[in-house]
$ cat final.tsv   # TSV, C-alpha atoms
chain	number	residue	atom	x	y	z
L	632	MET	CA	155.33	50.91	-2.61
L	633	LYS	CA	157.34	50.68	0.62
L	634	ASN	CA	156.25	48.38	3.40
L	635	SER	CA	155.25	50.37	6.49
L	636	ASN	CA	156.73	47.55	8.58
L	637	ASP	CA	160.15	48.00	6.97
L	638	PRO	CA	162.66	47.76	9.90
L	639	SER	CA	165.04	50.31	8.30
L	640	ALA	CA	162.27	52.90	8.00
L	641	LYS	CA	161.39	52.44	11.69
L	642	ARG	CA	165.03	52.87	12.67
L	643	ARG	CA	165.29	56.11	10.69
L	644	LYS	CA	162.11	57.37	12.32
L	645	TRP	CA	163.38	56.60	15.80
L	646	SER	CA	166.78	58.11	14.94
L	647	VAL	CA	165.14	61.40	13.98
L	648	LEU	CA	163.06	61.36	17.18
L	649	TRP	CA	166.11	60.69	19.34
L	650	ILE	CA	168.05	63.47	17.60
L	651	LEU	CA	165.16	65.86	18.30
L	652	VAL	CA	164.96	64.76	21.94
L	653	ILE	CA	168.72	65.05	22.41
L	654	GLY	CA	168.66	68.43	20.65
L	655	ILE	CA	165.93	69.67	22.96
L	656	ILE	CA	167.80	68.43	26.02
L	657	LEU	CA	171.07	69.99	24.87
L	658	GLY	CA	169.28	73.23	24.02
L	659	ALA	CA	167.65	73.30	27.44
L	660	VAL	CA	170.99	72.60	29.12
L	661	LEU	CA	172.73	75.29	27.07
L	662	LEU	CA	169.93	77.77	27.67
L	663	GLY	CA	169.81	77.03	31.37
L	664	GLY	CA	173.58	77.07	31.64
L	665	SER	CA	173.79	80.36	29.77
L	666	ALA	CA	171.12	81.89	31.99
L	667	TYR	CA	172.96	80.64	35.08
L	668	VAL	CA	176.29	82.04	33.84
L	669	MET	CA	174.67	85.35	32.91
L	670	HIS	CA	173.04	85.54	36.34
L	671	LYS	CA	176.19	84.63	38.27
L	672	THR	CA	178.34	87.09	36.28
L	673	SER	CA	175.85	89.83	37.13
L	674	ASP	CA	175.85	89.50	40.90
L	675	THR	CA	177.78	91.98	43.00
L	676	ALA	CA	180.19	89.39	44.38
L	677	PHE	CA	181.38	88.61	40.86
L	678	CYS	CA	181.46	92.27	39.80
L	679	VAL	CA	183.79	93.28	42.63
L	680	SER	CA	185.95	90.15	42.59
L	681	CYS	CA	188.48	91.81	40.28
L	682	HIS	CA	191.32	93.81	41.83
L	683	THR	CA	190.47	96.87	39.73
L	684	MET	CA	186.99	97.07	41.25
L	685	GLN	CA	188.15	97.74	44.80
L	686	GLN	CA	188.03	101.53	44.51
L	687	PRO	CA	184.59	101.62	42.86
L	688	LEU	CA	183.44	99.15	45.53
L	689	ALA	CA	184.61	101.45	48.32
L	690	GLU	CA	182.76	104.38	46.72
L	691	TYR	CA	179.60	102.30	46.31
L	692	GLN	CA	179.75	101.09	49.92
L	693	GLY	CA	179.80	104.71	51.07
L	694	SER	CA	176.68	105.57	49.10
L	695	VAL	CA	172.97	105.53	49.91
L	696	HIS	CA	172.50	102.77	47.35
L	697	PHE	CA	174.52	100.41	49.56
L	698	GLN	CA	173.16	101.32	52.99
L	699	ASN	CA	170.15	103.43	53.89
L	700	THR	CA	167.35	103.80	56.43
L	701	LYS	CA	164.96	101.68	54.36
L	702	GLY	CA	167.31	98.69	54.16
L	703	ILE	CA	166.97	98.49	50.37
L	704	ARG	CA	170.19	97.82	48.49
L	705	ALA	CA	170.76	98.44	44.78
L	706	GLU	CA	173.29	95.90	43.54
L	707	CYS	CA	175.77	96.59	40.73
L	708	SER	CA	173.57	94.97	38.08
L	709	ASP	CA	170.53	96.98	39.16
L	710	CYS	CA	172.25	100.09	37.87
L	711	HIS	CA	174.62	98.84	35.20
L	712	VAL	CA	172.82	95.94	33.49
L	713	PRO	CA	169.65	96.78	31.50
L	714	HIS	CA	166.63	94.54	31.99
L	715	GLN	CA	165.48	94.46	28.36
L	716	PRO	CA	166.65	91.17	26.73
L	717	VAL	CA	168.51	92.67	23.75
L	718	ASP	CA	170.15	95.45	25.78
L	719	TYR	CA	170.97	92.89	28.47
L	720	LEU	CA	172.83	90.63	26.01
L	721	LEU	CA	174.61	93.56	24.35
L	722	THR	CA	175.77	94.80	27.74
L	723	LYS	CA	177.08	91.36	28.72
L	724	VAL	CA	179.00	91.05	25.45
L	725	ALA	CA	180.40	94.58	25.79
L	726	ALA	CA	181.59	93.67	29.30
L	727	LEU	CA	184.26	91.46	27.75
L	728	LYS	CA	186.34	94.57	27.33
L	729	ASP	CA	186.43	94.83	31.13
L	730	VAL	CA	188.01	91.38	31.24
L	731	TYR	CA	190.64	92.58	28.78
L	732	GLY	CA	191.19	95.70	30.87
L	733	GLU	CA	191.69	93.55	33.97
L	734	MET	CA	194.21	91.34	32.16
L	735	THR	CA	196.21	94.29	30.84
L	736	GLY	CA	196.08	96.26	34.11
L	737	LYS	CA	194.49	99.36	32.58
L	738	ILE	CA	193.19	100.64	35.93
L	739	ASP	CA	194.99	98.39	38.41
L	740	THR	CA	196.37	101.26	40.54
L	741	PRO	CA	194.59	104.23	42.15
L	742	GLU	CA	196.57	106.54	39.88
L	743	LYS	CA	195.50	104.72	36.71
L	744	TYR	CA	191.92	104.48	37.94
L	745	ASN	CA	191.67	108.22	38.61
L	746	ALA	CA	193.29	108.97	35.25
L	747	HIS	CA	190.53	107.03	33.44
L	748	LYS	CA	187.69	107.78	35.83
L	749	LEU	CA	186.20	110.73	33.92
L	750	GLU	CA	186.32	108.81	30.65
L	751	MET	CA	184.54	105.82	32.23
L	752	ALA	CA	181.97	108.02	33.97
L	753	GLN	CA	181.14	109.91	30.78
L	754	LYS	CA	180.56	106.64	28.97
L	755	VAL	CA	178.08	105.49	31.64
L	756	TRP	CA	176.34	108.89	31.72
L	757	LYS	CA	175.96	108.81	27.95
L	758	GLU	CA	174.39	105.36	28.12
L	759	PHE	CA	171.96	106.49	30.83
L	760	GLU	CA	170.97	109.55	28.81
L	761	ALA	CA	170.45	107.40	25.69
L	762	ASN	CA	168.12	104.93	27.44
L	763	ASN	CA	166.36	107.55	29.59
L	764	SER	CA	167.93	106.16	32.76
L	765	ALA	CA	166.11	102.86	32.26
L	766	THR	CA	167.78	101.02	35.12
L	767	CYS	CA	167.07	103.90	37.52
L	768	ARG	CA	163.42	103.81	36.55
L	769	SER	CA	163.19	100.06	37.17
L	770	CYS	CA	163.23	100.98	40.90
L	771	HIS	CA	162.29	104.66	40.94
L	772	SER	CA	159.03	105.84	39.39
L	773	PHE	CA	157.63	109.36	39.41
L	774	ASP	CA	154.15	107.83	39.68
L	775	ALA	CA	155.10	106.03	42.90
L	776	MET	CA	156.82	108.99	44.56
L	777	ASP	CA	155.27	110.76	47.52
L	778	ILE	CA	156.77	114.09	46.52
L	779	ILE	CA	155.22	115.94	49.47
L	780	ALA	CA	157.19	113.71	51.87
L	781	GLN	CA	160.51	114.33	50.11
L	782	THR	CA	163.19	116.81	51.10
L	783	PRO	CA	162.53	120.48	50.27
L	784	GLU	CA	165.04	120.35	47.42
L	785	ALA	CA	163.46	117.21	45.91
L	786	ARG	CA	159.98	118.75	46.25
L	787	MET	CA	161.25	121.64	44.15
L	788	GLN	CA	163.11	119.60	41.52
L	789	HIS	CA	160.98	116.53	40.80
L	790	PRO	CA	157.86	118.37	39.55
L	791	VAL	CA	160.13	120.30	37.16
L	792	ALA	CA	161.76	117.06	36.02
L	793	ILE	CA	158.35	115.49	35.41
L	794	LYS	CA	157.08	118.50	33.49
L	795	GLU	CA	160.18	118.82	31.31
L	796	GLY	CA	160.71	115.08	30.80
L	797	GLN	CA	164.18	115.13	32.34
L	798	THR	CA	166.13	111.93	32.85
L	799	CYS	CA	167.53	110.82	36.21
L	800	ILE	CA	171.23	111.00	35.34
L	801	SER	CA	171.00	114.71	34.53
L	802	CYS	CA	170.74	115.49	38.24
L	803	HIS	CA	172.11	112.38	39.98
L	804	LYS	CA	175.55	111.75	38.50
L	805	GLY	CA	177.23	111.24	41.87
L	806	VAL	CA	174.58	109.06	43.50
L	807	ALA	CA	176.61	105.84	43.84
L	808	HIS	CA	180.21	106.81	43.06
L	809	ILE	CA	182.36	109.82	43.88
L	810	LEU	CA	182.41	112.19	40.94
L	811	PRO	CA	185.65	112.30	38.92
L	812	ASP	CA	187.79	115.41	38.60
L	813	MET	CA	185.85	117.66	36.21
L	814	SER	CA	188.57	120.27	35.68
L	815	SER	CA	189.45	118.97	32.22
L	816	LEU	CA	185.82	119.35	31.12
L	817	ALA	CA	185.78	122.93	32.32
L	818	ALA	CA	189.08	123.60	30.56
L	819	ALA	CA	187.68	122.14	27.34
L	820	GLY	CA	184.59	124.34	27.67
L	821	ALA	CA	186.72	127.43	28.19
L	822	SER	CA	188.78	126.52	25.13
L	823	LYS	CA	185.61	126.25	23.03
L	824	LEU	CA	184.52	129.69	24.22
L	825	SER	CA	187.89	131.16	23.25
L	826	ASP	CA	187.63	129.56	19.81
L	827	ALA	CA	184.13	130.98	19.39
L	828	ALA	CA	185.32	134.44	20.48
L	829	ALA	CA	188.06	134.32	17.84
L	830	LYS	CA	185.36	133.83	15.20
L	831	THR	CA	183.14	136.70	16.40
L	832	PRO	CA	182.33	138.84	13.34
L	833	GLU	CA	183.73	142.37	13.20
L	834	SER	CA	180.23	143.62	12.44
L	835	ALA	CA	178.84	142.49	15.82
L	836	THR	CA	177.90	145.42	18.05
L	837	LYS	CA	176.46	143.71	21.15
L	838	LEU	CA	179.10	141.50	22.79
L	839	TYR	CA	179.68	139.61	26.04
L	840	THR	CA	182.87	138.93	27.97
L	841	ILE	CA	183.78	135.22	28.17
L	842	GLY	CA	185.94	135.70	31.27
L	843	THR	CA	187.31	138.28	33.66
L	844	GLN	CA	188.51	140.97	31.27
L	845	PRO	CA	190.92	143.81	32.15
L	846	PHE	CA	190.01	147.15	30.58
L	847	TYR	CA	191.93	150.29	29.71
L	848	LEU	CA	191.02	153.95	29.40
L	849	GLN	CA	193.28	154.52	26.37
L	850	PRO	CA	193.72	152.21	23.32
L	851	GLY	CA	197.47	151.65	23.74
L	852	GLU	CA	197.56	151.60	27.54
L	853	GLN	CA	199.20	148.62	29.30
L	854	HIS	CA	198.08	149.21	32.89
L	855	ASN	CA	194.47	148.18	33.34
L	856	ALA	CA	192.03	150.55	35.00
L	857	GLY	CA	189.72	147.82	36.24
L	858	ASN	CA	188.04	144.57	35.21
L	859	LEU	CA	184.86	143.47	33.47
L	860	MET	CA	183.34	140.34	35.00
L	861	PRO	CA	182.43	137.25	32.93
L	862	SER	CA	179.22	137.54	30.84
L	863	THR	CA	179.11	141.35	31.07
L	864	GLU	CA	177.22	142.88	28.14
L	865	VAL	CA	179.00	145.65	26.20
L	866	THR	CA	178.17	147.73	23.12
L	867	VAL	CA	180.85	148.39	20.52
L	868	VAL	CA	181.71	152.06	19.91
L	869	LYS	CA	184.71	151.54	17.61
L	870	ARG	CA	187.55	149.14	16.88
L	871	ASP	CA	191.28	149.74	16.78
L	872	GLY	CA	193.44	146.70	15.97
L	873	ASP	CA	193.17	144.06	18.67
L	874	ARG	CA	191.23	146.33	21.00
L	875	VAL	CA	187.64	147.48	21.03
L	876	LEU	CA	186.18	150.61	22.59
L	877	VAL	CA	182.97	149.55	24.30
L	878	ASN	CA	180.23	151.16	26.33
L	879	VAL	CA	179.24	149.46	29.59
L	880	THR	CA	176.20	150.42	31.65
L	881	GLY	CA	175.40	149.31	35.18
L	882	TRP	CA	174.11	150.27	38.60
L	883	GLN	CA	175.84	151.59	41.70
L	884	GLN	CA	174.50	151.58	45.21
L	885	ASP	CA	174.72	155.01	46.79
L	886	GLY	CA	178.07	155.22	48.61
L	887	VAL	CA	179.56	152.15	46.90
L	888	ASN	CA	181.40	153.61	43.91
L	889	GLU	CA	183.99	150.92	43.15
L	890	VAL	CA	181.50	148.50	41.55
L	891	LEU	CA	178.94	148.49	38.75
L	892	TYR	CA	176.20	145.89	39.13
L	893	ALA	CA	174.23	144.32	36.28
L	894	ALA	CA	170.80	145.28	37.64
L	895	GLU	CA	169.32	147.62	40.20
L	896	GLY	CA	169.27	146.08	43.67
L	897	LYS	CA	171.05	142.89	42.53
L	898	ARG	CA	174.61	142.13	43.62
L	899	ILE	CA	175.59	140.82	40.20
L	900	LEU	CA	179.06	142.16	39.57
L	901	SER	CA	179.62	143.63	36.12
L	902	VAL	CA	182.56	146.02	36.51
L	903	LEU	CA	185.27	146.50	39.13
L	904	LEU	CA	186.46	150.10	38.86
L	905	GLY	CA	189.91	151.46	39.64
L	906	ASP	CA	190.33	154.99	41.02
L	907	GLU	CA	190.81	156.68	37.64
L	908	ALA	CA	187.96	154.72	36.05
L	909	ARG	CA	185.53	155.95	38.71
L	910	THR	CA	186.12	159.55	37.63
L	911	ASN	CA	185.20	158.61	34.04
L	912	LEU	CA	181.74	157.33	34.95
L	913	LYS	CA	178.81	159.18	33.39
L	914	ALA	CA	175.74	159.33	35.62
L	915	GLN	CA	172.39	158.67	33.97
L	916	ASN	CA	169.54	158.43	36.47
L	917	SER	CA	168.79	157.44	40.06
L	918	VAL	CA	166.03	155.39	41.69
L	919	THR	CA	165.10	154.51	45.25
L	920	ASP	CA	164.32	150.90	46.10
L	921	PRO	CA	160.87	151.03	47.79
L	922	GLU	CA	161.58	147.90	49.86
L	923	THR	CA	165.00	148.79	51.25
L	924	GLY	CA	165.09	152.56	50.85
L	925	LEU	CA	168.50	152.28	49.17
L	926	VAL	CA	169.32	154.70	46.37
L	927	TRP	CA	170.73	153.24	43.15
L	928	HIS	CA	172.45	155.20	40.41
L	929	GLN	CA	172.61	154.08	36.80
L	930	ALA	CA	175.93	154.97	35.18
L	931	ALA	CA	177.97	154.19	32.07
L	932	ILE	CA	181.61	154.14	31.09
L	933	GLN	CA	183.54	153.67	27.86
L	934	VAL	CA	186.60	151.43	28.09
L	935	TRP	CA	189.03	149.62	25.80
L	936	VAL	CA	189.14	145.83	25.94
L	937	SER	CA	190.83	143.02	24.01
L	938	LYS	CA	188.58	141.69	21.24
L	939	ASN	CA	189.68	138.07	21.76
L	940	GLN	CA	187.66	137.86	24.98
L	941	LEU	CA	184.36	138.99	23.48
L	942	ILE	CA	181.60	136.86	21.95
L	943	ASP	CA	178.35	137.81	20.26
L	944	ASP	CA	176.34	134.79	21.45
L	945	GLN	CA	175.66	134.85	25.19
L	946	GLU	CA	173.98	131.45	25.00
L	947	LYS	CA	177.36	129.79	24.39
L	948	ILE	CA	178.56	131.22	27.70
L	949	TRP	CA	175.49	129.84	29.45
L	950	GLN	CA	175.98	126.41	27.85
L	951	TYR	CA	179.50	126.29	29.28
L	952	ALA	CA	178.30	127.42	32.71
L	953	SER	CA	175.40	124.95	32.65
L	954	THR	CA	177.79	122.08	31.93
L	955	MET	CA	180.02	123.15	34.83
L	956	MET	CA	177.03	123.26	37.15
L	957	SER	CA	175.72	119.88	36.04
L	958	THR	CA	179.06	118.11	36.34
L	959	ASN	CA	180.19	119.70	39.61
L	960	CYS	CA	176.99	120.15	41.59
L	961	THR	CA	175.32	116.73	41.43
L	962	GLY	CA	177.67	114.74	43.63
L	963	CYS	CA	175.86	115.61	46.86
L	964	HIS	CA	172.35	116.46	45.67
L	965	GLY	CA	170.20	116.82	42.58
L	966	LEU	CA	170.70	119.70	40.18
L	967	THR	CA	169.29	122.82	41.83
L	968	ALA	CA	166.77	124.79	39.78
L	969	LEU	CA	168.07	128.23	38.86
L	970	ASP	CA	164.96	129.89	40.25
L	971	ARG	CA	165.40	128.15	43.61
L	972	PHE	CA	167.10	131.30	44.93
L	973	ASN	CA	167.09	134.98	44.11
L	974	ALA	CA	170.15	136.71	42.66
L	975	ASN	CA	171.57	137.86	45.98
L	976	GLN	CA	170.98	134.51	47.72
L	977	TRP	CA	172.92	132.67	45.02
L	978	ILE	CA	176.13	134.41	46.12
L	979	GLY	CA	176.15	132.62	49.48
L	980	VAL	CA	175.00	129.33	47.96
L	981	VAL	CA	177.87	129.23	45.47
L	982	LYS	CA	180.43	130.26	48.10
L	983	GLY	CA	179.17	127.53	50.42
L	984	MET	CA	179.37	124.82	47.75
L	985	ALA	CA	182.63	125.95	46.13
L	986	PRO	CA	185.00	123.96	48.44
L	987	ARG	CA	183.25	120.73	47.41
L	988	THR	CA	184.02	121.25	43.72
L	989	SER	CA	187.16	121.32	41.60
L	990	LEU	CA	186.25	124.66	40.03
L	991	THR	CA	188.83	127.43	39.79
L	992	GLU	CA	188.17	130.96	41.01
L	993	GLU	CA	187.53	132.12	37.45
L	994	GLN	CA	185.11	129.28	36.77
L	995	LEU	CA	183.25	130.06	39.99
L	996	ARG	CA	182.89	133.68	38.89
L	997	LEU	CA	181.24	132.61	35.65
L	998	LEU	CA	179.05	130.05	37.41
L	999	THR	CA	177.93	132.75	39.87
L	1000	GLN	CA	177.02	135.03	36.97
L	1001	TYR	CA	175.04	132.23	35.35
L	1002	VAL	CA	172.92	131.35	38.37
L	1003	GLN	CA	172.40	134.99	39.39
L	1004	LYS	CA	171.26	136.11	35.95
L	1005	HIS	CA	168.76	133.23	35.81
L	1006	ALA	CA	167.60	133.63	39.42
L	1007	SER	CA	163.99	133.78	40.60
L	1008	ASP	CA	163.90	137.59	40.76
L	1009	MET	CA	165.74	138.45	37.56
L	1010	GLN	CA	162.69	138.50	35.30
L	1011	SER	CA	161.33	141.44	37.27
L	1012	ALA	CA	164.73	143.06	37.73
L	1013	GLN	CA	165.49	146.24	35.82
L	1014	PRO	CA	168.52	145.39	33.69
L	1015	ALA	CA	171.19	147.86	32.82
L	1016	LYS	CA	170.86	149.04	29.22
L	1017	SER	CA	173.96	149.67	27.18

$ encode --input "final.tsv" --output "structure tokens"
Amino acid sequence: MKNSNDPSAKRRKWSVLWILVIGIILGAVLLGGSAYVMHKTSDTAFCVSCHTMQQPLAEYQGSVHFQNTKGIRAECSDCHVPHQPVDYLLTKVAALKDVYGEMTGKIDTPEKYNAHKLEMAQKVWKEFEANNSATCRSCHSFDAMDIIAQTPEARMQHPVAIKEGQTCISCHKGVAHILPDMSSLAAAGASKLSDAAAKTPESATKLYTIGTQPFYLQPGEQHNAGNLMPSTEVTVVKRDGDRVLVNVTGWQQDGVNEVLYAAEGKRILSVLLGDEARTNLKAQNSVTDPETGLVWHQAAIQVWVSKNQLIDDQEKIWQYASTMMSTNCTGCHGLTALDRFNANQWIGVVKGMAPRTSLTEEQLRLLTQYVQKHASDMQSAQPAKS
């Protein structure tokens, strides 16, 4: 039996105690030091100290998150560093790639920065969508909002967002930084539509145009007799090689015979008619608008079109248009609800906003069709039947 007063046993006991004390002290120092480093590498001064951050800094300084009437500033980490411990650590580790990017000069010129801007923005948007805009919600809460005191647009949009469980980034992509050039996204969407049109089954009878589509009065004709607008519904009569004879029905205002509209009383362009095409129109019936007193005539025409511009799923067209609207129309304001305006009002809205986007004329035509056909008055509109 060992003597409890054994000097060697006491030394071992004290050695273990000292090791524990030193371990605790070192752990505390390492923990405190790590927390300090994490904190310091998250402040805005550190974030913008790199040369490559000068352009994002300038964009941020021009935003409402930097300067506003309330004097509340959202720092870089408030938006880009999650508050949850695990997500926080993962984000800090992932940020090492930014150090590598700085060392290799990946975005060290305005040209390089703009070339990668869309890619970087999409990555951030994807993260926000995945975490339900967690960092946004750390400051902004639906429960704390005085919606009645908000702008008219916000009063319209936020109740819808609450009801549908939307996330912040869906409508506020351009809130702190200037949106990147979205033209490549639109081009990719158009390419997907073309691919889908190429796979449209020959048995499909109800089709929709994926873009502005020239039409012909004879199957082998080369000079077009007019144009079908994007998303116009047509019914197949017969097929002949690469062309399809289709029936198109629409509405004409009395005295305006060069256009067919998609619905009575709605300026939703479906068909632009050349002189010869106008003589081929077949009248169906007429109605008088009780509110305006205008007379509208329903008419139909059969025309030949290229089959590679027709698709049997209209929803794919709307998905493309919805993406264009989301990516191009959230830099200055939240995403506008489609029923915010009626079909005719949307024409002026799109024209007014068009110069602030990178959309082409063709893309704007499709976007106009999308918002008009989902407008506040389209559920009660009398659609053209083909």

$ closest_residue --input "final.tsv" --among "L:Val877, L:Leu903, L:Ala829, L:Leu810" --to "Ala856 (chain L)" --atoms "only C-alpha atoms"
L:Leu903

$ closest_residue --input "final.tsv" --among "L:Val868, L:Ala705, L:Phe846, L:Glu690" --to "Thr675 (chain L)" --atoms "all atoms listed in the file"
L:Ala705

$ residues_around --input "final.tsv" --residues "Ser764 (chain L)" --least-positions-apart "3" --cutoff "6 Å" --atoms "only C-alpha atoms" --output "list in words"
Phe759, Cys767 and Cys799 of chain L

$ residues_around --input "final.tsv" --residues "region 732-749 of chain L" --least-positions-apart "2" --cutoff "7 Å" --atoms "only C-alpha atoms" --output "NGL selection string"
:L and (682-683 or 728-730 or 751-753 or 811-812)

$ write_last_selection --input "final.tsv" --atoms "C-alpha atoms" --output "CSV table (one decimal), in the frame of the given file"
chain,number,residue,atom,x,y,z
L,682,HIS,CA,191.3,93.8,41.8
L,683,THR,CA,190.5,96.9,39.7
L,728,LYS,CA,186.3,94.6,27.3
L,729,ASP,CA,186.4,94.8,31.1
L,730,VAL,CA,188.0,91.4,31.2
L,751,MET,CA,184.5,105.8,32.2
L,752,ALA,CA,182.0,108.0,34.0
L,753,GLN,CA,181.1,109.9,30.8
L,811,PRO,CA,185.6,112.3,38.9
L,812,ASP,CA,187.8,115.4,38.6

$ closest_residue --input "final.tsv" --among "L:Gln1003, L:Met860, L:Arg874, L:Asp920" --to "Leu891 (chain L)" --atoms "only C-alpha atoms"
L:Met860

$ residues_around --input "final.tsv" --residues "region 883-889 of chain L" --least-positions-apart "3" --cutoff "8 Å" --atoms "only C-alpha atoms" --output "PDB file with C-alpha atoms, in the coordinates of the input"
ATOM      1  CA  TYR L 892     176.200 145.890  39.130  1.00  0.00           C
ATOM      2  CA  GLU L 895     169.320 147.620  40.200  1.00  0.00           C
ATOM      3  CA  GLY L 896     169.270 146.080  43.670  1.00  0.00           C
ATOM      4  CA  LEU L 903     185.270 146.500  39.130  1.00  0.00           C
ATOM      5  CA  LEU L 904     186.460 150.100  38.860  1.00  0.00           C
ATOM      6  CA  GLY L 905     189.910 151.460  39.640  1.00  0.00           C
ATOM      7  CA  ASP L 906     190.330 154.990  41.020  1.00  0.00           C
ATOM      8  CA  ARG L 909     185.530 155.950  38.710  1.00  0.00           C
ATOM      9  CA  LEU L 925     168.500 152.280  49.170  1.00  0.00           C
ATOM     10  CA  VAL L 926     169.320 154.700  46.370  1.00  0.00           C
ATOM     11  CA  TRP L 927     170.730 153.240  43.150  1.00  0.00           C
ATOM     12  CA  HIS L 928     172.450 155.200  40.410  1.00  0.00           C
ATOM     13  CA  GLN L 929     172.610 154.080  36.800  1.00  0.00           C
ATOM     14  CA  ALA L 930     175.930 154.970  35.180  1.00  0.00           C
TER      15      ALA L 930
END

$ residues_around --input "final.tsv" --residues "His1005 (chain L)" --least-positions-apart "3" --cutoff "10 Å" --atoms "all atoms listed in the file" --output "PyMOL selection string"
chain L and resi 949+968-974+1000-1002+1008-1010

$ closest_residue --input "final.tsv" --among "L:Gln788, L:Ser772, L:Ser801, L:Asn762" --to "Thr954 (chain L)" --atoms "all atoms listed in the file"
L:Ser801

$ closest_residue --input "final.tsv" --among "L:Lys701, L:His789, L:Lys947, L:Lys754" --to "Leu824 (chain L)" --atoms "all atoms listed in the file"
L:Lys947

$ residues_around --input "final.tsv" --residues "Leu876 (chain L)" --least-positions-apart "2" --cutoff "6 Å" --atoms "only C-alpha atoms" --output "number ranges by chain"
L: 868-869, 934-935

$ write_last_selection --input "final.tsv" --atoms "C-alpha atoms" --output "PDB file, in the frame of the given file"
ATOM      1  CA  VAL L 868     181.710 152.060  19.910  1.00  0.00           C
ATOM      2  CA  LYS L 869     184.710 151.540  17.610  1.00  0.00           C
ATOM      3  CA  VAL L 934     186.600 151.430  28.090  1.00  0.00           C
ATOM      4  CA  TRP L 935     189.030 149.620  25.800  1.00  0.00           C
TER       5      TRP L 935
END
